[in-house]
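Here is the file input.txt (compact mmCIF, C-alpha atoms).
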# COMPACT_ATOMS: atom_id res chain seq x y z
CA MET O 1 54.56 80.82 115.25
CA SER O 2 57.87 79.16 114.42
CA ASN O 3 59.94 76.33 115.87
CA TYR O 4 63.22 78.16 115.60
CA TRP O 5 66.61 76.91 116.82
CA PRO O 6 65.55 73.22 116.73
CA ASN O 7 69.16 72.09 117.31
CA SER O 8 69.34 73.87 120.66
CA ALA O 9 67.90 70.82 122.50
CA TYR O 10 65.16 73.02 123.94
CA GLN O 11 62.46 70.63 122.74
CA THR O 12 63.95 67.79 124.82
CA LEU O 13 63.29 69.61 128.11
CA LEU O 14 60.18 69.68 130.26
CA THR O 15 58.60 72.80 131.76
CA SER O 16 57.51 72.87 135.39
CA PRO O 17 54.19 74.46 136.45
CA ASP O 18 56.07 77.62 137.41
CA GLY O 19 57.74 77.90 134.02
CA GLN O 20 61.17 76.51 134.93
CA LEU O 21 63.00 74.06 132.69
CA LEU O 22 63.55 70.47 133.87
CA VAL O 23 66.32 68.12 132.72
CA THR O 24 65.20 64.95 130.93
CA ASP O 25 67.01 61.81 129.79
CA ASP O 26 66.63 62.96 126.19
CA PHE O 27 68.33 66.25 127.05
CA LEU O 28 71.27 64.37 128.58
CA ARG O 29 71.47 62.16 125.51
CA THR O 30 72.03 65.18 123.27
CA TYR O 31 75.47 65.60 124.83
CA LEU O 32 76.39 62.03 123.89
CA GLN O 33 75.72 62.98 120.26
CA ARG O 34 78.08 65.95 120.36
CA PRO O 35 81.50 65.64 118.65
CA GLU O 36 83.26 65.59 122.03
CA LEU O 37 81.55 62.35 123.08
CA SER O 38 80.07 60.74 119.97
CA LEU O 39 81.54 57.55 118.61
CA VAL O 40 83.92 57.53 115.64
CA PRO O 41 85.29 54.58 113.63
CA GLU O 42 88.44 54.65 115.80
CA SER O 43 86.51 54.34 119.07
CA CYS O 44 87.77 51.43 121.15
CA ALA O 45 85.54 48.69 122.56
CA ALA O 46 85.52 50.25 126.05
CA GLU O 47 84.40 53.60 124.66
CA GLN O 48 81.69 51.97 122.57
CA ALA O 49 80.40 50.05 125.59
CA LEU O 50 80.35 53.15 127.80
CA ASN O 51 78.58 55.22 125.18
CA GLN O 52 75.97 52.50 124.77
CA ARG O 53 75.35 52.26 128.52
CA LEU O 54 74.88 55.99 128.82
CA THR O 55 72.63 56.14 125.78
CA GLU O 56 70.37 53.53 127.35
CA ASN O 57 70.46 55.24 130.76
CA PRO O 58 72.09 58.69 130.71
CA ARG O 59 71.82 58.98 134.52
CA ILE O 60 73.71 55.75 135.29
CA GLU O 61 76.72 55.95 137.60
CA ILE O 62 80.07 55.66 135.82
CA THR O 63 83.27 54.67 137.63
CA GLU O 64 86.73 56.09 137.06
CA GLN O 65 87.84 52.59 136.12
CA GLU O 66 85.39 52.56 133.21
CA ILE O 67 86.69 55.90 132.02
CA GLY O 68 90.31 54.86 132.39
CA ALA O 69 89.68 51.74 130.31
CA MET O 70 89.19 53.86 127.19
CA ALA O 71 92.23 54.08 124.92
CA ASP O 72 91.94 57.78 124.01
CA GLU O 73 93.03 60.03 126.87
CA ASP O 74 91.29 63.05 125.34
CA ILE O 75 88.01 61.14 125.30
CA GLN O 76 88.61 60.14 128.91
CA GLU O 77 88.91 63.79 129.92
CA ASN O 78 85.85 64.74 127.87
CA TYR O 79 83.81 62.19 129.80
CA ARG O 80 85.16 63.41 133.14
CA VAL O 81 84.18 66.98 132.30
CA TRP O 82 80.72 65.96 131.13
CA LEU O 83 80.07 63.69 134.12
CA ARG O 84 80.96 66.52 136.54
CA TYR O 85 78.61 68.76 134.59
CA ARG O 86 75.89 66.10 134.66
CA THR O 87 76.23 65.72 138.44
CA ARG O 88 75.60 69.43 138.95
CA LEU O 89 72.74 69.47 136.45
CA LEU O 90 70.92 66.64 138.21
CA ALA O 91 71.50 68.10 141.66
CA ALA O 92 69.74 71.37 140.73
CA SER O 93 65.99 71.82 141.06
CA SER O 94 65.80 73.30 137.56
CA LEU O 95 68.00 74.31 134.67
CA GLU O 96 67.58 77.93 135.77
CA GLY O 97 68.74 77.04 139.28
CA PHE O 98 71.81 75.34 137.84
CA TYR O 99 72.59 78.36 135.65
CA MET O 100 72.33 80.77 138.57
CA SER O 101 74.59 78.54 140.68
CA LEU O 102 77.33 78.71 138.05
CA PHE O 103 78.09 82.34 138.82
CA LYS O 104 78.23 82.02 142.58
CA GLY O 105 81.19 80.96 144.69
CA ASP O 106 84.54 80.36 143.02
CA GLY O 107 83.34 81.05 139.47
CA VAL O 108 82.23 79.09 136.44
CA ASP O 109 83.73 75.61 136.40
CA VAL O 110 82.04 74.17 133.31
CA PRO O 111 83.10 74.66 129.67
CA PRO O 112 82.02 78.04 128.24
CA LEU O 113 80.41 76.19 125.33
CA PHE O 114 77.97 74.52 127.73
CA VAL O 115 77.10 77.88 129.29
CA MET O 116 76.42 79.39 125.85
CA GLN O 117 74.21 76.43 124.92
CA LEU O 118 72.17 76.88 128.09
CA THR O 119 71.86 80.59 127.43
CA GLN O 120 70.45 79.87 123.99
CA ILE O 121 67.94 77.47 125.51
CA PHE O 122 66.83 80.08 128.04
CA VAL O 123 66.39 82.75 125.38
CA ARG O 124 64.38 80.27 123.31
CA HIS O 125 62.19 79.47 126.33
CA ILE O 126 61.72 83.09 127.35
CA LEU O 127 60.77 84.30 123.88
CA GLY O 128 58.41 81.39 123.21
CA ASP O 129 56.98 80.41 119.84
CA ASP O 130 54.96 83.52 119.09
CA THR O 131 57.68 86.16 118.90
CA HIS O 132 59.06 88.73 116.49
CA PRO O 133 62.00 87.57 114.32
CA LEU O 134 64.00 90.70 115.19
CA GLU O 135 63.57 89.83 118.85
CA VAL O 136 64.97 86.37 118.14
CA ARG O 137 67.89 87.83 116.16
CA MET O 138 68.70 90.18 119.03
CA GLY O 139 68.46 87.19 121.37
CA GLU O 140 71.40 85.68 119.48
CA ILE O 141 73.59 88.37 121.05
CA PHE O 142 73.06 86.68 124.43
CA PHE O 143 75.05 83.61 123.39
CA ARG O 144 76.97 84.40 120.19
CA THR O 145 79.81 86.92 119.88
CA GLN O 146 79.06 89.76 117.46
CA LYS O 147 81.57 91.48 115.20
CA ILE O 148 80.90 95.22 115.18
CA THR O 149 81.57 97.41 112.15
CA VAL O 150 81.03 101.18 112.04
CA LEU O 151 80.21 102.35 108.52
CA GLU O 152 79.82 105.75 106.95
CA ASP O 153 77.45 108.14 108.72
CA SER O 154 78.21 106.30 112.01
CA ILE O 155 76.03 103.33 111.07
CA VAL O 156 76.77 100.53 113.55
CA MET O 157 76.35 97.00 112.24
CA ALA O 158 76.60 93.71 114.12
CA ALA O 159 77.20 90.37 112.45
CA ASP O 160 77.88 86.97 113.94
CA GLU O 161 81.64 86.71 114.43
CA GLU O 162 81.82 83.01 113.64
CA VAL O 163 79.91 83.51 110.38
CA VAL O 164 82.08 86.49 109.42
CA ALA O 165 85.26 84.47 110.04
CA ARG O 166 83.94 81.47 108.13
CA ASN O 167 82.91 83.57 105.13
CA ALA O 168 86.23 85.38 105.14
CA GLN O 169 88.09 82.06 104.98
CA ALA O 170 85.85 80.98 102.11
CA GLY O 171 86.41 84.24 100.26
CA GLU O 172 82.81 85.30 100.76
CA SER O 173 83.25 88.08 103.30
CA GLY O 174 81.64 90.56 100.96
CA ASN O 175 78.30 88.91 101.58
CA ILE O 176 78.14 90.34 105.07
CA MET O 177 80.88 92.85 105.70
CA ASP O 178 82.45 94.26 102.55
CA LEU O 179 79.11 95.12 101.01
CA LEU O 180 77.85 96.88 104.12
CA LYS O 181 79.06 100.25 102.95
CA GLY O 182 77.33 103.54 102.39
CA LYS O 183 73.69 104.01 101.66
CA SER O 184 73.46 101.08 99.26
CA MET O 185 72.80 98.77 102.20
CA LEU O 186 69.61 100.66 102.99
CA THR O 187 68.14 99.87 99.59
CA LYS O 188 69.56 96.36 99.21
CA SER O 189 69.18 95.05 102.72
CA ALA O 190 67.89 91.62 101.68
CA ASP O 191 70.84 91.10 99.32
CA LEU O 192 73.25 92.16 102.04
CA ASP O 193 71.80 89.91 104.72
CA VAL O 194 70.76 92.80 106.96
CA LEU O 195 67.61 92.13 108.97
CA TYR O 196 65.07 94.95 109.19
CA GLU O 197 61.36 95.19 109.92
CA ASP O 198 60.54 94.92 106.21
CA ASN O 199 62.31 91.61 105.65
CA ALA O 200 62.17 90.22 109.18
CA ALA O 201 60.07 87.17 108.23
CA GLU O 202 63.03 85.87 106.21
CA TYR O 203 64.74 85.05 109.51
CA TRP O 204 62.59 81.96 110.03
CA THR O 205 63.94 80.14 106.97
CA ARG O 206 67.54 80.72 108.13
CA ASN O 207 67.11 80.77 111.90
CA GLU O 208 70.06 78.47 112.61
CA ASP O 209 72.42 80.02 110.07
CA PHE O 210 73.07 83.07 112.29
CA ASP O 211 73.98 84.97 109.12
CA PHE O 212 71.82 88.10 109.37
CA ALA O 213 73.52 91.36 110.29
CA VAL O 214 71.58 93.98 112.25
CA GLN O 215 71.87 97.73 112.75
CA LEU O 216 72.43 98.71 116.38
CA ASN O 217 72.02 102.47 116.22
CA PHE O 218 69.82 104.33 118.69
CA GLY O 219 66.34 104.83 117.26
CA HIS O 220 66.38 101.69 115.13
CA GLU O 221 64.05 98.77 115.76
CA PRO O 222 66.69 96.10 116.57
CA ILE O 223 67.76 98.02 119.68
CA ASN O 224 64.12 98.31 120.80
CA HIS O 225 63.70 94.56 120.39
CA PHE O 226 66.92 94.02 122.32
CA CYS O 227 65.35 95.93 125.22
CA ARG O 228 62.34 93.60 125.18
CA VAL O 229 64.61 90.54 125.39
CA LEU O 230 66.50 92.07 128.33
CA GLU O 231 63.21 92.76 130.12
CA LYS O 232 62.01 89.19 129.62
CA TRP O 233 65.37 87.81 130.76
CA ILE O 234 65.12 89.69 134.06
CA LYS O 235 61.46 88.80 134.55
CA HIS O 236 62.07 85.08 133.99
CA PHE O 237 65.05 84.68 136.31
CA LEU O 238 64.32 87.27 138.99
CA GLY O 239 60.54 87.64 138.79
CA VAL O 240 60.99 91.40 138.59
CA ALA O 241 59.20 93.55 136.01
CA VAL O 242 61.29 96.34 134.47
CA ARG O 243 61.11 98.74 131.55
CA ILE O 244 64.29 99.30 129.56
CA THR O 245 64.64 102.29 127.24
CA PRO O 246 67.49 103.14 124.86
CA MET O 247 69.40 106.38 125.53
CA GLN O 248 71.98 108.47 123.71
CA GLN O 249 73.67 109.88 126.79
CA ILE O 250 73.51 109.88 130.58
CA SER O 251 73.02 113.35 132.04
CA ASP O 252 71.82 112.45 135.50
CA PRO O 253 73.46 114.38 138.38
CA LYS O 254 72.00 111.79 140.78
CA TRP O 255 73.32 108.77 138.89
CA SER O 256 73.52 106.08 141.56
CA TRP O 257 73.62 102.65 139.87
CA HIS O 258 74.76 101.10 136.62
CA VAL O 259 75.38 97.69 135.10
CA GLY O 260 77.61 96.99 132.13
CA LEU O 261 76.22 94.23 129.92
CA ASP O 262 79.72 93.22 128.83
CA ALA O 263 83.25 93.71 130.12
CA ALA O 264 84.00 96.71 127.88
CA ALA O 265 80.77 98.48 128.86
CA THR O 266 81.41 97.84 132.56
CA GLU O 267 84.81 99.48 132.37
CA ILE O 268 83.47 102.53 130.51
CA LEU O 269 80.46 102.99 132.81
CA ASN O 270 82.69 102.75 135.88
CA LYS O 271 84.93 105.51 134.51
CA LEU O 272 81.98 107.72 133.60
CA TYR O 273 80.42 107.23 137.02
CA ASN O 274 83.67 108.10 138.74
CA LYS O 275 84.07 111.16 136.48
CA GLU O 276 87.34 109.86 135.08
CA LEU O 277 88.57 111.28 131.81
CA LEU O 278 87.85 109.00 128.86
CA GLU O 279 89.68 109.20 125.57
CA ALA O 280 87.59 109.71 122.43
CA ASP O 281 88.38 106.21 121.19
CA GLU O 282 87.03 104.73 124.45
CA LEU O 283 83.73 106.57 124.15
CA GLU O 284 83.44 105.47 120.53
CA LYS O 285 83.32 101.86 121.74
CA VAL O 286 79.91 102.45 123.33
CA ILE O 287 77.22 100.98 121.08
CA CYS O 288 74.17 102.00 123.07
CA LEU O 289 73.11 103.21 126.51
CA PHE O 290 69.91 102.20 128.28
CA ARG O 291 67.79 103.27 131.22
CA LEU O 292 66.21 100.55 133.36
CA ASP O 293 63.22 101.47 135.54
CA PHE O 294 61.63 99.09 138.02
CA ILE O 295 57.87 98.77 137.53
CA ASP O 296 57.49 97.42 141.06
CA GLU O 297 59.50 99.67 143.35
CA THR O 298 59.15 97.24 146.26
CA ALA O 299 61.61 94.96 144.47
CA VAL O 300 64.37 97.55 144.86
CA THR O 301 66.47 98.56 147.83
CA LYS O 302 65.05 101.62 149.58
CA ALA O 303 68.07 103.71 148.60
CA GLN O 304 67.45 102.97 144.93
CA GLN O 305 63.67 103.37 144.83
CA GLY O 306 62.56 105.94 142.29
CA LYS O 307 65.97 105.97 140.65
CA PRO O 308 66.93 104.39 137.32
CA VAL O 309 69.69 101.90 136.62
CA TYR O 310 71.84 102.72 133.62
CA LEU O 311 73.02 99.98 131.27
CA ALA O 312 75.36 99.89 128.30
CA ILE O 313 76.72 97.63 125.58
CA ALA O 314 80.13 98.30 124.04
CA MET O 315 82.63 96.69 121.73
CA ASN O 316 86.05 95.64 122.96
CA ASP O 317 89.43 96.32 121.35
CA GLN O 318 88.80 93.51 118.88
CA GLN O 319 85.50 95.13 117.78
CA GLN O 320 83.56 92.34 119.45
CA LEU O 321 80.36 92.57 121.44
CA LYS O 322 80.54 89.75 124.01
CA LEU O 323 77.44 90.01 126.16
CA LYS O 324 77.43 88.80 129.77
CA PRO O 325 73.69 88.43 130.43
CA GLN O 326 74.38 87.08 133.91
CA ASN O 327 75.39 90.61 134.91
CA LEU O 328 71.71 91.55 134.92
CA LEU O 329 70.91 88.72 137.31
CA PHE O 330 73.51 89.52 139.97
CA ASN O 331 74.24 93.23 139.76
CA LEU O 332 70.83 94.89 140.10
CA PRO O 333 69.96 96.70 143.39
CA LEU O 334 67.26 94.26 144.49
CA ALA O 335 65.76 94.40 147.96
CA ARG O 336 65.69 90.65 148.35
CA ALA O 337 67.31 87.57 146.89
CA SER O 338 65.31 86.35 143.90

Represent the supplied structure as structure tokens.
Amino acid sequence: MSNYWPNSAYQTLLTSPDGQLLVTDDFLRTYLQRPELSLVPESCAAEQALNQRLTENPRIEITEQEIGAMADEDIQENYRVWLRYRTRLLAASSLEGFYMSLFKGDGVDVPPLFVMQLTQIFVRHILGDDTHPLEVRMGEIFFRTQKITVLEDSIVMAADEEVVARNAQAGESGNIMDLLKGKSMLTKSADLDVLYEDNAAEYWTRNEDFDFAVQLNFGHEPINHFCRVLEKWIKHFLGVAVRITPMQQISDPKWSWHVGLDAAATEILNKLYNKELLEADELEKVICLFRLDFIDETAVTKAQQGKPVYLAIAMNDQQQLKLKPQNLLFNLPLARAS
């Protein structure tokens, strides 16, 4: 049991009887404490007054005149963005309902940072308190871009891109990337900040540092834990039970459905499905393939019953893994809207 990711604001939310997350005043107040809206010594009197009013009642109506009275135009725009976001949040029946609505219609119209924060909250909620640390680390991939490095012997490592960039600027890149070379990493995993089964418990003491690398090769435990997170993600949002299994290749002459879990994987799967010729460097971008089977066949369209859905994750040209977990919520062959 561990209260991981305490800064995610998850603890400020309420849970409905059916397991959905409900917005609270305390949750809204967390946004007022963010750098985009929090007060600084230079804040004018109008900004201070508005911040105070919203802190006391984060659902209070705010007029355009109140926003325009603030001296800093950037702060004005930050408040306009947040107030539009707040309106949509409060109009939804649950945080899940709001999240699903973001990807319908004309596209996402809220800052990507807000979407990533919500995704972290959902992963935290779905995994619960009693979960495996490797499952939590693989859950980070849902909302944090990973930098992929392929080492000797085709060992595929993922590390948090923001942490890698920060360490590189500080001259400490060896802590995560430069030292991940050859077989030495297998014997010095703790020193090299690589998370395995043997040292997994160390995650809890650093759960908000996002500084553990993981190995993403087929047959290794992190990928199996990633499958469990994907299954729970689908079950929570769609109410559909599935089993996801890692694969090394797709050799199905009756291949009928696939979902890329990121933009690069979608492009590669589309080409494979259409029997287009792929260059070797394109295929090398694939990190792992998966087979998704529906446990309850009644949830699937009749044409897809008894057939698997193939999934994939891949790195882009910048060696990034940028997951789009919403793809699993909108692109599966379900028989009914969920």

Per residue of segment 7-54 of chain O within 10 Å of segment 91-102 of chain O, record the nearest atom pair and its distance in Å to one decimal, counting only C-alpha atoms, with rows in chain order and ascending residue number, as CSV.
residue,atom,partner,partner_atom,distance
O:Leu13,CA,O:Leu95,CA,9.3
O:Leu14,CA,O:Ser94,CA,9.9
O:Thr15,CA,O:Ser94,CA,9.3
O:Ser16,CA,O:Ser94,CA,8.6
O:Gly19,CA,O:Ser94,CA,9.9
O:Gln20,CA,O:Ser94,CA,6.2
O:Leu21,CA,O:Leu95,CA,5.4
O:Leu22,CA,O:Ser94,CA,5.2
O:Val23,CA,O:Leu95,CA,6.7

Quick one: write out the picked residues with C-alpha atoms as an mmCIF file, in the coordinates of the input?
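Writing done, so here's selection02.cif:
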data_model
loop_
_atom_site.group_PDB
_atom_site.id
_atom_site.type_symbol
_atom_site.label_atom_id
_atom_site.label_comp_id
_atom_site.auth_asym_id
_atom_site.auth_seq_id
_atom_site.Cartn_x
_atom_site.Cartn_y
_atom_site.Cartn_z
ATOM 1 C CA LEU O 13 63.290 69.610 128.110
ATOM 2 C CA LEU O 14 60.180 69.680 130.260
ATOM 3 C CA THR O 15 58.600 72.800 131.760
ATOM 4 C CA SER O 16 57.510 72.870 135.390
ATOM 5 C CA GLY O 19 57.740 77.900 134.020
ATOM 6 C CA GLN O 20 61.170 76.510 134.930
ATOM 7 C CA LEU O 21 63.000 74.060 132.690
ATOM 8 C CA LEU O 22 63.550 70.470 133.870
ATOM 9 C CA VAL O 23 66.320 68.120 132.720
#

Find the residues around segment 304-311 of chain O up to 8 Å (all atoms listed in the file counted), leave out those fewer than 3 positions away in its own chain, and share them as a ChimeraX atom specification. /O:250,255-261,289-294,297-298,300-301,332-333

Please measure the separation of atom CA of Leu328 of chain O and atom CA of Asp296 of chain O, giving the value in Å to one decimal.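 These two atoms are separated by 16.6 Å.
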
Residue among O:Glu47, O:Asp160, O:Glu56, O:Glu140 lying closest to Tyr79 of chain O, counting all atoms listed in the file: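 Nearest candidate to Tyr79 of chain O out of O:Glu47, O:Asp160, O:Glu56, O:Glu140: O:Glu47.
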
Grab the atom CA of Leu134 of chain O to atom CA of Pro222 of chain O distance for me, in Å with one decimal place. 6.2 Å

Point-to-point distance from atom CA of Val108 of chain O to atom CA of Asp72 of chain O, Å rounded to tenths: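 Atom CA of Asp72 of chain O lies at a distance of 26.5 Å from atom CA of Val108 of chain O.
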
Find the residues near Leu118 of chain O: any atom within 10 Å, counting all atoms listed in the file, skip ones fewer than 3 places away on the same chain, and give them as a list in words.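 Here the answer would be Ser8, Ala9, Tyr10, Leu95, Glu96, Phe98, Tyr99, Pro112, Leu113, Phe114, Val115, Ile121, Phe122, Val123, Arg124 and Phe143 of chain O.
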
Counting all atoms listed in the file, which of O:Ile126, O:Met315, O:Ala46, O:Ala69 gets nearest to Met157 of chain O? O:Met315

Just checking: using all atoms listed in the file, which residue out of O:Asp317, O:Glu284, O:Asp26, O:Glu279 ends up closest to Val156 of chain O?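 With all atoms listed in the file as the atom set, the closest residue is O:Glu284.
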
From (73.3, 67.5, 129.0), in the file's coordinates, out to 9 Å: which residues are reached, counting all atoms listed in the file? Answer as a list in words.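 It turns out the residues near that spot are Val23, Thr24, Asp25, Asp26, Phe27, Leu28, Arg29, Thr30, Tyr31, Leu32, Trp82, Tyr85, Arg86, Leu89 and Phe114 of chain O.
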
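Proximity to Glu36 of chain O was assessed for O:Val240, O:Asn57, O:Glu64, O:Ile75 counting all atoms listed in the file; the smallest distance is recorded for O:Ile75.
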
Find the residue from O:Asp209, O:Lys235, O:Met247, O:Glu267 that sits nearest to Ile223 of chain O; use all atoms listed in the file when measuring. O:Met247
